[in-house]
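Enquirer: One structure, pasted below without further comment.
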Amino acid sequence: MHGQGGKEEVIVRTSDEFNFEIEIPIHNEGRGNVHTFDVSKYEFDSQHWIYVDKITGEINASDIVLTYERDKTNSPWKQSNLKGAIGFSRDSLTINLQTPIYVSASNTPEKWEDCRFNGTYFMEHVIK
């Protein structure tokens, strides 16, 4: 089992607004800063957050809140027009979500792209 970036585990906590909060670890790598002509490599870890009301079975994207800031579950932080699903088994979570790609100022997605953190993860349960 694995997720992207060598991360193999998500943390599941109880949540105030939704029943559960899932912390997805993200490892970021890049190079440089075009504004300063710096081409050095950099790496840092961050998180994405999924909020759901249950952690059993399959949950469609329409019942999922994906956000890039913890506890920020409304617009503009909440990912809109999400597609796909997440699925839970006894001790694992499989993420298969797609985010929209917009062209110009259109409010209608042109296509959807797989989330970079799609994959299967072990779940670590932490009670808040």
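Within each chain, counting starts at residue 1; across the structure tokens, chains are named A, B, ... in the order shown, with ligands numbered 1 upward in that order.
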Got a sec: who's within 6 Å of Asn60 (chain A), counting only C-alpha atoms, leaving out chain neighbours fewer than 2 positions off, as a PyMOL selection string?
Expert: chain A and resi 62-63+85
Enquirer: Check the DSSP output for the backbone and give back, as a PyMOL selection string, the residues of chain A in strand (DSSP E or B).
Expert: chain A and resi 9-14+20-33+38-52+57-60+65-67+78+83-88+92-101+111-114+119-126
Enquirer: Deliver the residues from the most recent selection as a file, using C-alpha atoms, as an mmCIF file, in the first residue's frame.
Expert:
data_model
loop_
_atom_site.group_PDB
_atom_site.id
_atom_site.type_symbol
_atom_site.label_atom_id
_atom_site.label_comp_id
_atom_site.auth_asym_id
_atom_site.auth_seq_id
_atom_site.Cartn_x
_atom_site.Cartn_y
_atom_site.Cartn_z
ATOM 1 C CA GLU A 9 -0.350 6.623 6.215
ATOM 2 C CA VAL A 10 -3.182 9.086 6.727
ATOM 3 C CA ILE A 11 -4.338 10.287 10.120
ATOM 4 C CA VAL A 12 -8.057 10.128 10.917
ATOM 5 C CA ARG A 13 -9.416 12.324 13.716
ATOM 6 C CA THR A 14 -12.845 13.213 14.975
ATOM 7 C CA PHE A 20 -14.138 12.825 10.676
ATOM 8 C CA GLU A 21 -11.096 14.733 9.446
ATOM 9 C CA ILE A 22 -8.499 12.927 7.338
ATOM 10 C CA GLU A 23 -5.012 14.414 7.126
ATOM 11 C CA ILE A 24 -3.280 13.549 3.853
ATOM 12 C CA PRO A 25 0.491 14.062 3.882
ATOM 13 C CA ILE A 26 1.932 15.755 0.795
ATOM 14 C CA HIS A 27 5.624 15.928 -0.063
ATOM 15 C CA ASN A 28 6.501 18.851 -2.341
ATOM 16 C CA GLU A 29 9.638 19.266 -4.410
ATOM 17 C CA GLY A 30 10.620 22.065 -6.723
ATOM 18 C CA ARG A 31 13.423 24.106 -8.113
ATOM 19 C CA GLY A 32 14.173 27.783 -7.971
ATOM 20 C CA ASN A 33 12.483 31.132 -7.898
ATOM 21 C CA ASP A 38 17.541 31.083 -8.100
ATOM 22 C CA VAL A 39 17.585 27.510 -9.444
ATOM 23 C CA SER A 40 18.311 25.639 -6.209
ATOM 24 C CA LYS A 41 16.185 22.640 -5.247
ATOM 25 C CA TYR A 42 13.733 22.755 -2.368
ATOM 26 C CA GLU A 43 11.496 20.278 -0.547
ATOM 27 C CA PHE A 44 8.791 20.663 2.069
ATOM 28 C CA ASP A 45 5.932 18.678 3.545
ATOM 29 C CA SER A 46 2.350 19.912 3.755
ATOM 30 C CA GLN A 47 -1.130 18.459 4.112
ATOM 31 C CA HIS A 48 -4.485 18.324 2.368
ATOM 32 C CA TRP A 49 -7.618 17.626 4.362
ATOM 33 C CA ILE A 50 -10.701 15.524 3.654
ATOM 34 C CA TYR A 51 -13.836 15.885 5.792
ATOM 35 C CA VAL A 52 -16.506 13.158 5.827
ATOM 36 C CA GLY A 57 -17.663 1.844 2.570
ATOM 37 C CA GLU A 58 -17.389 4.111 -0.453
ATOM 38 C CA ILE A 59 -18.096 7.838 -0.324
ATOM 39 C CA ASN A 60 -18.839 9.764 -3.513
ATOM 40 C CA VAL A 65 -15.052 18.138 1.477
ATOM 41 C CA LEU A 66 -11.482 18.459 0.190
ATOM 42 C CA THR A 67 -9.589 21.491 1.422
ATOM 43 C CA LYS A 78 -13.249 23.979 -0.291
ATOM 44 C CA LYS A 83 -15.284 14.001 -8.982
ATOM 45 C CA GLY A 84 -14.525 10.438 -7.952
ATOM 46 C CA ALA A 85 -14.761 8.700 -4.603
ATOM 47 C CA ILE A 86 -12.863 7.451 -1.596
ATOM 48 C CA GLY A 87 -13.237 3.960 -0.179
ATOM 49 C CA PHE A 88 -12.605 2.513 3.244
ATOM 50 C CA SER A 92 -7.036 1.413 4.802
ATOM 51 C CA LEU A 93 -8.311 4.283 2.701
ATOM 52 C CA THR A 94 -8.233 4.390 -1.094
ATOM 53 C CA ILE A 95 -8.435 7.849 -2.637
ATOM 54 C CA ASN A 96 -9.525 8.215 -6.257
ATOM 55 C CA LEU A 97 -10.484 11.859 -6.788
ATOM 56 C CA GLN A 98 -10.310 14.259 -9.707
ATOM 57 C CA THR A 99 -10.174 18.048 -9.538
ATOM 58 C CA PRO A 100 -11.463 20.367 -12.280
ATOM 59 C CA ILE A 101 -9.312 22.237 -14.786
ATOM 60 C CA LYS A 111 -11.611 18.573 -17.929
ATOM 61 C CA TRP A 112 -10.687 16.841 -14.671
ATOM 62 C CA GLU A 113 -7.244 15.834 -13.441
ATOM 63 C CA ASP A 114 -6.375 13.013 -11.016
ATOM 64 C CA GLY A 119 -3.586 5.978 -3.788
ATOM 65 C CA THR A 120 -4.136 3.554 -0.930
ATOM 66 C CA TYR A 121 -3.063 4.490 2.585
ATOM 67 C CA PHE A 122 -3.060 2.828 5.984
ATOM 68 C CA MET A 123 -5.276 4.690 8.467
ATOM 69 C CA GLU A 124 -4.001 5.807 11.838
ATOM 70 C CA HIS A 125 -6.878 6.710 14.122
ATOM 71 C CA VAL A 126 -6.374 9.557 16.570
#
Enquirer: Kindly indicate which residue among A:Asp91, A:Gln79, A:Glu17, A:Arg70 lies nearest to Cys115 (chain A), using only C-alpha atoms for the distances.
Expert: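 Among the listed residues, A:Gln79 lies closest to Cys115 (chain A).
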Enquirer: To one decimal place, how far is CA of Asn19 (chain A) from CA of Lys54 (chain A) in Å?
Expert: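 The value is 6.6 Å.
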Enquirer: I need the residue nearest Asp16 (chain A) from this list: A:Asp53, A:Ser89, A:Glu110, A:Asn118. Use only C-alpha atoms for the distance.
Expert: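 Counting only C-alpha atoms, the residue closest to Asp16 (chain A) is A:Asp53.
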Enquirer: Give me, please, the distance in Å between CA of Lys72 (chain A) and CA of Ser15 (chain A), quoted to one decimal.
Expert: 12.0 Å
Enquirer: What's the separation between CA of Glu8 (chain A) and CA of Thr73 (chain A), in Å to one decimal place?
Expert: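 Taking CA of Glu8 (chain A) as the start and CA of Thr73 (chain A) as the end point, the length is 24.6 Å.
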Enquirer: Using only C-alpha atoms, which of the listed residues (A:Ile55, A:Ile64, A:Val34, A:Ala105) sits closest to Ser80 (chain A)?
Expert: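 Nearest candidate to Ser80 (chain A) out of A:Ile55, A:Ile64, A:Val34, A:Ala105: A:Ile64.
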